[in-house]
Every structure is written in structure tokens, then in C-alpha cells.
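Structure first, commentary second.
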Amino acid sequence: MDSIVSLKSMGKVFHTKNGDVKALDNINLDINRGEIFGIIGLSGAGKSTLVRCINYLEIPTEGDVFFEGKGLKGMSELQIRRVRRDMGMIFQQFNLLSQRNILDNVCFPLEISGVPKAKARQRAKELLNLVGLSDREKAYPAQLSGGQKQRVAIARALANDPKVLLCDEATSALDTESEKVVQAALDDLMVGRTSFVIAHRLSTVLHADRIYVIDGGHIVEQGTHEELLARGGLYQHLYDIQFRGE
């Protein structure tokens, strides 16, 4: 298989006033092109730290991240920014710019990349149409619902047509109805695109090509949804809690 992102012996330690906290320990993963890759775990397991290390928003303390065969350790800030253009990221919180309308929010990463204004606006309009918000391009974030804001965030993350899409609990802050709409949009947009999905709701990753279960900063299980259920471990326990009320 053609690996696009690899994590090699990666670890992350946070230094706090109460001592060191090891958030991730010896993580080894290979993410293939076009693969939808899920990470599941309880709150505090290390999921968000893991995804933030992939694009160096957090710098690993041990090991390294490789993108298309090149290690990020030792890269300059300019080189890291270029790598990030190929890694669109959708956060739990929408992080939209409140003083910009929706069209200008989606244009923002294109402006940073030096795309001419007219071309950037055309691309932004196409993306807003893709997420079903072409009629709200002049609205401001405060005028949108949570689900609409997250769809704008998705459009913005796709602005530079990234090779990898990183989703960090992208639907967890939404109500049930908004979550369904946003998740449906994400499912459509992830087809054929390498996607790394962090979630605590199993419904978000049921159809991932591979699912890894993280606990206490360690990968403790891996497989497809069916394989993990059959194994009877932590994944099955989480499934029972969320779907069977056990």
C-alpha cells in the first residue's frame, strides 16, 4: 500500500507544574492514500494530542511524523506550513473569523497561500455550494447555527484541496440533528480522500477502513468495526455503552 502519513515511535510529554504527563507513548501508524482511518477512545485518552502531532500543531517529544516519506522533525517553520496546506483540519470548535462573512472565511486559507482574489472567491463559492450554504455566503458566523458553522469550517478545510483531511471531534459539539447533516456532508467529501477521524462517538467511525482504539496514550486495539466487536475488548465495551445502553 502507498503510505502518505506515518508515525514512527511517536510520543508526547507535557511538562506541567505538577510533573510530566505522558499523553502519547510509542505510537506507530501508517495511513495509506485514500484510506479513512478512525481513532476512538474515551476523553483524555490522547486522541486530540495525536491528531495535533500529525500536522505539528503539537511537536512530538519522541519519534517523528513522516509525510510522503519526509520527516517533519528538523523542518523549518516555512516547510511545516507548506506541509499543513496538504493537511486540512476540522476542529470540534469552528474557529471561524467573526469579522469576516462566510465567503471570506473560506477564502482566508487561499489568501494565505497567495491565490489571486478572483480565483479564491470562485473556489470558495464552489465549496460553499458543495456543503449546501451557497445562499449564506454574505452571512457572518454569528448569524449561523452550529451545524452551519461546522459546514463552513469543512469548506475552509478543503479550500486548498488537501491530500489529507484531519477531523478532530468534528461533530461532537453539535446537536443530534446538526450532527447528522454535517456527518453526511463529511462522508461525501471523504470519499477517495485520505481522512483521519478522531472521535469518541463510534457512529463517526463505523465505516472507516481501519479503526484504532487509544487508551492512556497507547494504541490498544486495531481492526475494522466488525473485527473489533468480535474481539470483545475496549471497543466492544464502548459500543455497548453507546448503542446498547449497557
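Letters A, B, ... go to the chains of the C-alpha cells in the order shown; residues in each chain start at 1; ligands are counted from 1 in the same order.
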**Request:** Give the strand (DSSP E) residues of stretch 92-238 of chain A, as assigned by DSSP on the backbone, as a ChimeraX atom specification.
**Result:** /A:164-168,194-199,210-215,218-223
**Request:** Considering only C-alpha atoms, return as a PyMOL selection string whatever protein or nucleic-acid residues lie within 8 Å of stretch 141-144 of chain A, sequence-local ones (same chain, fewer than 4 positions apart) excluded.
**Result:** chain A and resi 96-98+100-102+148-149
**Message:** When you count only C-alpha atoms, which of these residues is closest to A:Leu29: A:Ser48, A:Asp2, A:Ser9, A:Gly41?
**Reply:**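 Ranked by minimum distance to A:Leu29, first place goes to A:Ser9.
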**Fill in**
Using only C-alpha atoms, the residue out of A:Ala208, A:Ile154, A:Ala173, A:Ile27 with shortest distance to A:Leu186 is A:Ile154
**Item:** Contacts of stretch 194-206 of chain A within 7 Å, only C-alpha atoms, excl. fewer than 3 positions in-chain, as an NGL selection string
**Value:** :A and (33-42 or 47 or 163-169 or 190 or 225 or 239)
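Taking atom CA of A:Val115 and atom CA of A:Leu72 as the two end points, the separation is 25.1 Å.
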**Request:** Would you mind listing what lies within 12 Å of A:Lys70 as a ChimeraX atom specification, with only C-alpha atoms counted and same-chain residues fewer than 6 positions away left out?
**Result:** /A:3-8,64,79-80,83
**Minimum-distance residue to A:Tyr212, chosen among A:Ile241, A:Ile59, A:Lys119, A:Asn28 (using only C-alpha atoms)** = A:Asn28
**Item:** Who sits within 9 Å of A:Gly46, only C-alpha atoms, same chain under 5 positions skipped, as a PyMOL selection string
**Value:** chain A and resi 23-24+41+51+214-218
Just-selected residues, all heavy atoms written as a short mmCIF file (atom, residue, chain, number, x, y, z; two decimals), in the first residue's frame:
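Listing of result_29.cif after writing:
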data_model
loop_
_atom_site.label_atom_id
_atom_site.label_comp_id
_atom_site.auth_asym_id
_atom_site.auth_seq_id
_atom_site.Cartn_x
_atom_site.Cartn_y
_atom_site.Cartn_z
N ALA A 23 1.28 11.98 27.35
CA ALA A 23 0.00 11.92 26.64
C ALA A 23 -0.02 10.83 25.58
O ALA A 23 -1.07 10.23 25.32
CB ALA A 23 -0.31 13.27 26.00
N LEU A 24 1.12 10.58 24.95
CA LEU A 24 1.23 9.55 23.92
C LEU A 24 2.53 8.78 24.13
O LEU A 24 3.55 9.37 24.49
CB LEU A 24 1.25 10.17 22.51
CG LEU A 24 0.01 10.94 22.06
CD1 LEU A 24 0.29 11.66 20.75
CD2 LEU A 24 -1.19 10.01 21.93
N GLY A 41 -11.65 6.55 21.39
CA GLY A 41 -11.19 6.41 22.78
C GLY A 41 -11.97 7.32 23.69
O GLY A 41 -12.69 8.22 23.24
N VAL A 51 -3.78 13.78 16.85
CA VAL A 51 -4.05 14.44 15.57
C VAL A 51 -3.30 15.76 15.46
O VAL A 51 -2.85 16.15 14.37
CB VAL A 51 -5.57 14.63 15.36
CG1 VAL A 51 -6.13 15.76 16.17
CG2 VAL A 51 -5.90 14.83 13.88
N ILE A 214 -7.46 3.99 21.26
CA ILE A 214 -6.39 4.54 22.09
C ILE A 214 -6.87 4.63 23.53
O ILE A 214 -8.00 4.99 23.80
CB ILE A 214 -5.93 5.91 21.54
CG1 ILE A 214 -4.67 6.39 22.27
CG2 ILE A 214 -7.02 6.96 21.60
CD1 ILE A 214 -3.99 7.58 21.59
N ASP A 215 -5.99 4.28 24.45
CA ASP A 215 -6.30 4.32 25.87
C ASP A 215 -5.02 4.64 26.63
O ASP A 215 -4.02 3.93 26.48
CB ASP A 215 -6.88 2.98 26.33
CG ASP A 215 -7.38 3.01 27.76
OD1 ASP A 215 -8.00 4.03 28.15
OD2 ASP A 215 -7.16 2.04 28.50
N GLY A 216 -5.08 5.71 27.42
CA GLY A 216 -3.90 6.09 28.19
C GLY A 216 -2.67 6.38 27.36
O GLY A 216 -1.54 6.13 27.79
N GLY A 217 -2.89 6.92 26.14
CA GLY A 217 -1.76 7.27 25.28
C GLY A 217 -1.19 6.12 24.49
O GLY A 217 -0.20 6.29 23.77
N HIS A 218 -1.81 4.93 24.59
CA HIS A 218 -1.34 3.75 23.87
C HIS A 218 -2.40 3.26 22.89
O HIS A 218 -3.60 3.36 23.17
CB HIS A 218 -1.04 2.60 24.85
CG HIS A 218 0.06 2.89 25.81
ND1 HIS A 218 1.38 2.56 25.56
CD2 HIS A 218 0.04 3.46 27.04
CE1 HIS A 218 2.13 2.94 26.60
NE2 HIS A 218 1.33 3.49 27.50
#
**Request:** Write out as a VMD selection string each polymer residue whose atoms come within 12 Å of A:Asp104, counting only C-alpha atoms; drop sequence neighbours fewer than 6 positions from it.
**Result:** chain A and resid 96 to 98 110 to 111 117 to 118 120 to 125 128 136 to 141 152 to 153 155 to 156 159
